[in-house]
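Below is the file protein09.cif, which contains mmCIF, C-alpha atoms and all ligand atoms.
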```
data_query
loop_
_atom_site.label_atom_id
_atom_site.label_comp_id
_atom_site.auth_asym_id
_atom_site.auth_seq_id
_atom_site.Cartn_x
_atom_site.Cartn_y
_atom_site.Cartn_z
CA MET A 230 73.36 46.10 0.10
CA TYR A 231 71.02 43.43 -1.14
CA GLU A 232 67.58 43.48 -2.75
CA LYS A 233 64.61 44.22 -0.55
CA ILE A 234 61.81 41.70 -0.67
CA TYR A 235 58.34 41.47 0.83
CA LEU A 236 56.75 38.08 1.45
CA VAL A 237 52.96 38.23 1.55
CA PRO A 238 50.76 35.36 2.71
CA LEU A 239 47.37 35.44 0.98
CA ASP A 240 45.61 32.87 3.13
CA GLU A 241 45.87 31.44 6.64
CA ASN A 242 47.80 28.30 5.72
CA SER A 243 50.33 30.32 3.73
CA ARG A 244 51.53 32.34 6.69
CA GLY A 245 54.04 29.78 8.00
CA TYR A 246 55.41 29.08 4.52
CA ALA A 247 55.72 32.79 3.71
CA ASP A 248 57.63 33.40 6.96
CA TRP A 249 59.90 30.44 6.32
CA LEU A 250 60.54 31.50 2.73
CA GLY A 251 61.38 35.06 3.78
CA GLN A 252 63.83 33.85 6.40
CA THR A 253 65.43 31.34 4.04
CA LEU A 254 65.81 33.87 1.23
CA SER A 255 67.43 36.33 3.59
CA LYS A 256 69.72 33.74 5.20
CA LYS A 257 70.75 31.82 2.06
CA MET A 258 70.65 34.54 -0.56
CA GLY A 259 71.14 37.77 1.33
CA PHE A 260 67.76 39.33 0.52
CA ARG A 261 66.66 42.07 2.88
CA LEU A 262 63.34 40.95 4.25
CA GLN A 263 60.88 43.83 4.62
CA SER A 264 58.29 44.19 7.35
CA PRO A 265 55.49 41.65 7.02
CA LEU A 266 52.49 42.54 4.90
CA SER A 267 49.41 40.50 4.40
CA SER A 268 46.73 40.64 1.78
CA ARG A 269 43.92 38.61 0.35
CA LEU A 270 43.30 37.07 -3.03
CA PRO A 271 41.25 39.54 -5.07
CA GLU A 272 37.68 38.37 -5.73
CA GLU A 273 37.93 39.44 -9.35
CA ALA A 274 40.77 36.97 -9.94
CA TYR A 275 38.58 34.00 -8.96
CA ASN A 276 37.34 31.64 -11.65
CA ALA A 277 34.38 29.73 -10.22
CA LYS A 278 34.28 27.31 -13.15
CA SER A 279 37.70 25.88 -12.44
CA ASN A 280 37.97 26.93 -8.77
CA GLN A 281 41.27 28.65 -9.53
CA TYR A 282 42.71 32.15 -9.43
CA TYR A 283 43.97 34.01 -12.48
CA ALA A 284 47.51 35.06 -11.60
CA VAL A 285 47.76 38.33 -13.55
CA PRO A 286 45.32 40.52 -11.57
CA ILE A 287 46.88 39.26 -8.35
CA LEU A 288 50.26 40.57 -9.50
CA SER A 289 48.77 43.98 -10.32
CA LYS A 290 47.28 44.20 -6.85
CA LEU A 291 50.58 43.21 -5.24
CA GLU A 292 52.40 46.00 -6.98
CA LEU A 293 50.31 48.53 -5.05
CA LEU A 294 51.58 47.20 -1.73
CA LYS A 295 55.24 47.95 -2.38
CA GLY A 296 57.10 50.94 -1.03
CA SER A 297 59.22 51.52 -4.13
CA GLU A 298 59.75 50.25 -7.67
CA GLU A 299 63.01 48.46 -6.94
CA GLU A 300 61.61 46.33 -4.16
CA LEU A 301 60.53 42.77 -4.88
CA ILE A 302 57.24 41.40 -3.63
CA MET A 303 56.21 37.77 -3.58
CA ALA A 304 52.86 36.40 -2.48
CA VAL A 305 52.27 32.86 -1.26
CA THR A 306 48.93 31.07 -1.57
CA GLU A 307 47.44 27.65 -1.10
CA GLU A 308 44.93 28.31 -3.88
CA ASP A 309 45.43 26.95 -7.39
CA LEU A 310 46.65 29.44 -10.00
CA TYR A 311 46.27 29.53 -13.76
CA LEU A 312 46.90 31.58 -16.89
CA PRO A 313 44.55 31.59 -19.90
CA ASN A 314 46.91 29.33 -21.87
CA GLN A 315 47.96 27.10 -18.96
CA ASN A 316 45.67 24.84 -16.91
CA PHE A 317 47.68 25.54 -13.80
CA ILE A 318 50.92 27.18 -12.80
CA PHE A 319 53.19 26.83 -9.77
CA GLY A 320 53.98 30.52 -9.92
CA GLN A 321 54.07 33.64 -12.04
CA ALA A 322 56.23 36.76 -12.02
CA ASN A 323 56.37 40.16 -13.66
CA SER A 324 59.81 41.66 -14.17
CA VAL A 325 58.51 45.19 -14.75
CA GLY A 326 56.44 45.40 -11.59
CA ARG A 327 58.90 43.08 -9.79
CA THR A 328 55.96 41.09 -8.47
CA ALA A 329 55.49 37.35 -8.12
CA ILE A 330 53.14 34.77 -6.71
CA VAL A 331 53.71 31.12 -5.85
CA SER A 332 51.16 28.45 -4.94
CA PHE A 333 52.09 25.48 -2.79
CA LEU A 334 48.85 23.55 -3.44
CA ARG A 335 50.45 21.30 -6.06
CA LEU A 336 53.71 21.08 -4.11
CA LYS A 337 51.98 19.13 -1.35
CA PRO A 338 52.55 15.34 -1.63
CA GLU A 339 49.00 14.81 -0.32
CA TYR A 340 47.73 16.55 -3.45
CA TYR A 341 48.95 13.41 -5.28
CA GLY A 342 47.64 11.00 -2.65
CA LEU A 343 51.02 10.65 -0.91
CA PRO A 344 51.79 11.10 2.81
CA GLU A 345 52.21 14.64 4.15
CA ASP A 346 55.77 15.96 4.18
CA PRO A 347 56.20 19.62 5.19
CA ARG A 348 59.96 19.49 4.56
CA LEU A 349 59.43 18.36 0.99
CA ILE A 350 56.92 21.18 0.47
CA LYS A 351 59.50 23.67 1.74
CA SER A 352 62.29 22.42 -0.52
CA ARG A 353 59.93 22.55 -3.51
CA LEU A 354 58.64 25.96 -2.51
CA PHE A 355 62.19 27.26 -2.34
CA THR A 356 63.02 26.36 -5.95
CA VAL A 357 59.62 27.54 -7.22
CA ALA A 358 60.18 30.86 -5.42
CA LEU A 359 63.77 31.16 -6.65
CA HIS A 360 62.62 30.57 -10.23
CA GLN A 361 60.09 33.39 -9.91
CA ILE A 362 62.68 35.64 -8.27
CA GLY A 363 64.90 35.00 -11.30
CA HIS A 364 62.04 36.20 -13.53
CA MET A 365 61.42 39.24 -11.31
CA MET A 366 65.07 40.13 -11.75
CA GLY A 367 64.90 39.82 -15.53
CA LEU A 368 65.91 36.21 -16.26
CA LYS A 369 64.18 34.08 -18.89
CA ASN A 370 63.56 30.34 -18.68
CA CYS A 371 66.77 28.38 -19.22
CA ASP A 372 67.68 24.93 -20.59
CA ASN A 373 70.86 24.49 -18.56
CA ASP A 374 71.13 22.67 -15.26
CA CYS A 375 69.51 25.64 -13.58
CA VAL A 376 66.66 26.72 -11.35
CA MET A 377 65.34 28.69 -14.37
CA GLN A 378 64.37 25.44 -16.14
CA VAL A 379 60.67 25.24 -16.97
CA ALA A 380 58.71 22.93 -14.64
CA SER A 381 55.24 21.92 -15.69
CA SER A 382 54.86 19.04 -13.25
CA VAL A 383 55.93 18.42 -9.68
CA ASN A 384 58.47 15.84 -10.94
CA GLU A 385 60.08 18.56 -13.00
CA VAL A 386 60.11 20.81 -9.94
CA ASP A 387 61.96 18.06 -8.06
CA LYS A 388 64.50 17.58 -10.87
CA ARG A 389 65.40 21.25 -11.00
CA PRO A 390 68.55 22.33 -9.11
CA ASP A 391 68.20 24.96 -6.37
CA GLY A 392 70.58 27.49 -7.89
CA PHE A 393 71.24 29.53 -11.03
CA CYS A 394 73.59 28.30 -13.79
CA PRO A 395 76.70 30.45 -14.45
CA ASN A 396 75.02 31.97 -17.51
CA CYS A 397 71.93 33.09 -15.58
CA LEU A 398 74.10 34.39 -12.74
CA LEU A 399 75.85 36.63 -15.24
CA ASN A 400 72.54 37.82 -16.62
CA LEU A 401 70.97 38.69 -13.30
CA THR A 402 70.25 42.36 -13.78
CA LEU A 403 71.11 43.16 -10.23
CA PRO A 404 72.46 46.39 -8.95
CA THR A 405 73.72 44.16 -6.16
CA LYS A 406 75.10 40.69 -5.72
CA VAL A 407 73.21 37.55 -4.95
CA ARG A 408 75.12 35.02 -2.95
CA ILE A 409 74.45 31.39 -3.74
ZN ZN B 1 59.75 30.44 -15.83
ZN ZN B 2 70.27 29.22 -16.28
#
```
Show this structure as structure tokens.
Ligand SMILES: [Zn+2]
Ligand SMILES: [Zn+2]
Amino acid sequence: MYEKIYLVPLDENSRGYADWLGQTLSKKMGFRLQSPLSSRLPEEAYNAKSNQYYAVPILSKLELLKGSEEELIMAVTEEDLYLPNQNFIFGQANSVGRTAIVSFLRLKPEYYGLPEDPRLIKSRLFTVALHQIGHMMGLKNCDNDCVMQVASSVNEVDKRPDGFCPNCLLNLTLPTKVRI
């Protein structure tokens, strides 16, 4: 009896990563993967000045796609995301709507002029997604050796462990159990 989650690709290149993430979350963590949905980035979230998308309206739109309040929904995009007080973000979540979005644009080594490495993107995407899942399930950022550590650069993403610290595990407001 685990949490139900939808994975939603928002652009063509996100499809493979969204599928992989869904399968990995169900295999490693016991999430119940819901039937595939797809959607598009809402026009109104686009900021032409910075060529980025504002994360908040995307989350509101995602909430409408869910079947029920308890379900989790996570979108994946290759576009760059931002918040008004942050130049860019790797992801954003809302614990009330249980919605989240992750961007893999800045997880790609080629973004930093390094050789392509799809496996590295996937391992980064996993911890970025797990961090946002923690937020969706009510966790705050955490200073312990924990996936809930803040990451504001890709180096910090790489330093972050791929699991929750004992404190965060206790605080997961789950009606069910998450296996690590
Ligand atoms: Zn966070
Ligand atoms: Zn923690």
Expected selection as a PDB file with C-alpha atoms, in the frame of the given file for ligand ZN 1 (chain B) within 8 Å, only C-alpha atoms and all ligand atoms:
```pdb
ATOM      1  CA  GLN A 321      54.070  33.640 -12.040  1.00  0.00           C
ATOM      2  CA  HIS A 360      62.620  30.570 -10.230  1.00  0.00           C
ATOM      3  CA  GLN A 361      60.090  33.390  -9.910  1.00  0.00           C
ATOM      4  CA  HIS A 364      62.040  36.200 -13.530  1.00  0.00           C
ATOM      5  CA  LYS A 369      64.180  34.080 -18.890  1.00  0.00           C
ATOM      6  CA  ASN A 370      63.560  30.340 -18.680  1.00  0.00           C
ATOM      7  CA  MET A 377      65.340  28.690 -14.370  1.00  0.00           C
ATOM      8  CA  GLN A 378      64.370  25.440 -16.140  1.00  0.00           C
ATOM      9  CA  VAL A 379      60.670  25.240 -16.970  1.00  0.00           C
ATOM     10  CA  ALA A 380      58.710  22.930 -14.640  1.00  0.00           C
TER      11      ALA A 380
END
```
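Here atom CA of A:Tyr283 stands at a distance of 18.3 Å from atom CA of A:Met365.
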Close residues, stretch 333-343 of chain A itself excluded, 9 Å, all atoms listed in the file, min 4 positions apart in chain, as a JSON list (two decimals) with C-alpha atoms, in the coordinates of the input:
```json
[["chain", "number", "residue", "atom", "x", "y", "z"],
["A", 243, "SER", "CA", 50.33, 30.32, 3.73],
["A", 246, "TYR", "CA", 55.41, 29.08, 4.52],
["A", 305, "VAL", "CA", 52.27, 32.86, -1.26],
["A", 306, "THR", "CA", 48.93, 31.07, -1.57],
["A", 307, "GLU", "CA", 47.44, 27.65, -1.10],
["A", 308, "GLU", "CA", 44.93, 28.31, -3.88],
["A", 309, "ASP", "CA", 45.43, 26.95, -7.39],
["A", 318, "ILE", "CA", 50.92, 27.18, -12.80],
["A", 319, "PHE", "CA", 53.19, 26.83, -9.77],
["A", 320, "GLY", "CA", 53.98, 30.52, -9.92],
["A", 347, "PRO", "CA", 56.20, 19.62, 5.19],
["A", 349, "LEU", "CA", 59.43, 18.36, 0.99],
["A", 350, "ILE", "CA", 56.92, 21.18, 0.47],
["A", 351, "LYS", "CA", 59.50, 23.67, 1.74],
["A", 353, "ARG", "CA", 59.93, 22.55, -3.51],
["A", 354, "LEU", "CA", 58.64, 25.96, -2.51],
["A", 357, "VAL", "CA", 59.62, 27.54, -7.22],
["A", 382, "SER", "CA", 54.86, 19.04, -13.25],
["A", 383, "VAL", "CA", 55.93, 18.42, -9.68],
["A", 386, "VAL", "CA", 60.11, 20.81, -9.94]]
```
Identify which of the residues A:Phe355, A:Tyr282, A:Leu312, A:Asp387 lies closest to A:Met258, counting only C-alpha atoms when measuring atom-to-atom distances.
A:Phe355
If you count all atoms listed in the file, which residues end up within 8 Å of ligand ZN 2 (chain B), as JSON, numbers by chain?
{"A": [370, 371, 372, 373, 374, 375, 376, 377, 378, 393, 394, 395, 396, 397, 398]}
Provide the atom CA of A:Ser289 to atom CA of A:Gly326 distance in Å, to one decimal place.
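Separating atom CA of A:Ser289 from atom CA of A:Gly326 is a distance of 7.9 Å.
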I need stretch 328-363 of chain A written out with N, CA and C atoms, as a compact mmCIF listing (two decimals), in the first residue's frame; please produce it.
```
# COMPACT_ATOMS: atom_id res chain seq x y z
N THR A 328 2.34 18.42 -5.64
CA THR A 328 2.79 18.56 -7.02
C THR A 328 4.28 18.91 -7.01
N ALA A 329 4.97 18.52 -8.06
CA ALA A 329 6.39 18.88 -8.16
C ALA A 329 6.81 18.91 -9.61
N ILE A 330 7.89 19.65 -9.85
CA ILE A 330 8.49 19.67 -11.18
C ILE A 330 9.99 19.62 -11.02
N VAL A 331 10.66 18.90 -11.91
CA VAL A 331 12.12 18.88 -11.94
C VAL A 331 12.58 19.18 -13.36
N SER A 332 13.71 19.89 -13.46
CA SER A 332 14.31 20.18 -14.77
C SER A 332 15.66 19.48 -14.83
N PHE A 333 15.93 18.82 -15.97
CA PHE A 333 17.24 18.19 -16.07
C PHE A 333 18.21 19.00 -16.92
N LEU A 334 17.81 20.20 -17.36
CA LEU A 334 18.69 21.03 -18.19
C LEU A 334 20.06 21.21 -17.53
N ARG A 335 20.05 21.64 -16.28
CA ARG A 335 21.32 21.93 -15.58
C ARG A 335 21.91 20.70 -14.91
N LEU A 336 21.33 19.53 -15.16
CA LEU A 336 21.92 18.28 -14.68
C LEU A 336 22.76 17.64 -15.77
N LYS A 337 22.67 18.20 -16.99
CA LYS A 337 23.41 17.63 -18.11
C LYS A 337 24.85 18.13 -18.08
N PRO A 338 25.86 17.23 -18.10
CA PRO A 338 27.25 17.68 -18.10
C PRO A 338 27.54 18.63 -19.27
N GLU A 339 26.87 18.40 -20.41
CA GLU A 339 27.14 19.25 -21.58
C GLU A 339 26.70 20.69 -21.35
N TYR A 340 25.82 20.89 -20.38
CA TYR A 340 25.43 22.26 -20.03
C TYR A 340 26.64 23.05 -19.53
N TYR A 341 27.61 22.29 -18.95
CA TYR A 341 28.82 22.92 -18.38
C TYR A 341 30.03 22.69 -19.28
N GLY A 342 29.75 22.31 -20.54
CA GLY A 342 30.83 22.11 -21.50
C GLY A 342 31.57 20.79 -21.34
N LEU A 343 30.96 19.84 -20.61
CA LEU A 343 31.59 18.53 -20.39
C LEU A 343 30.94 17.47 -21.30
N PRO A 344 31.61 16.32 -21.48
CA PRO A 344 31.04 15.30 -22.37
C PRO A 344 29.69 14.77 -21.88
N GLU A 345 28.85 14.36 -22.82
CA GLU A 345 27.53 13.82 -22.47
C GLU A 345 27.66 12.59 -21.60
N ASP A 346 26.73 12.39 -20.70
CA ASP A 346 26.77 11.24 -19.79
C ASP A 346 25.37 10.98 -19.26
N PRO A 347 24.56 10.22 -20.04
CA PRO A 347 23.16 9.99 -19.63
C PRO A 347 23.03 9.32 -18.25
N ARG A 348 24.02 8.48 -17.89
CA ARG A 348 23.92 7.83 -16.58
C ARG A 348 24.07 8.83 -15.44
N LEU A 349 24.97 9.79 -15.66
CA LEU A 349 25.17 10.83 -14.64
C LEU A 349 23.90 11.68 -14.51
N ILE A 350 23.28 11.99 -15.65
CA ILE A 350 22.03 12.77 -15.61
C ILE A 350 20.99 12.01 -14.78
N LYS A 351 20.90 10.69 -15.02
CA LYS A 351 19.89 9.90 -14.29
C LYS A 351 20.17 9.89 -12.80
N SER A 352 21.44 9.71 -12.40
CA SER A 352 21.69 9.65 -10.96
C SER A 352 21.42 11.02 -10.32
N ARG A 353 21.72 12.09 -11.03
CA ARG A 353 21.38 13.43 -10.51
C ARG A 353 19.88 13.63 -10.46
N LEU A 354 19.21 13.22 -11.52
CA LEU A 354 17.76 13.40 -11.60
C LEU A 354 17.08 12.65 -10.45
N PHE A 355 17.62 11.49 -10.11
CA PHE A 355 17.02 10.72 -9.02
C PHE A 355 17.05 11.49 -7.71
N THR A 356 18.20 12.08 -7.35
CA THR A 356 18.26 12.78 -6.07
C THR A 356 17.46 14.09 -6.11
N VAL A 357 17.46 14.76 -7.27
CA VAL A 357 16.65 15.98 -7.39
C VAL A 357 15.16 15.63 -7.22
N ALA A 358 14.76 14.53 -7.84
CA ALA A 358 13.35 14.10 -7.74
C ALA A 358 13.02 13.67 -6.31
N LEU A 359 13.94 12.93 -5.68
CA LEU A 359 13.67 12.45 -4.32
C LEU A 359 13.56 13.63 -3.34
N HIS A 360 14.38 14.65 -3.54
CA HIS A 360 14.30 15.86 -2.72
C HIS A 360 12.90 16.47 -2.85
N GLN A 361 12.43 16.59 -4.08
CA GLN A 361 11.11 17.21 -4.29
C GLN A 361 9.99 16.31 -3.76
N ILE A 362 10.18 15.01 -3.84
CA ILE A 362 9.19 14.09 -3.27
C ILE A 362 9.13 14.29 -1.75
N GLY A 363 10.31 14.47 -1.14
CA GLY A 363 10.35 14.76 0.29
C GLY A 363 9.52 15.99 0.61
```
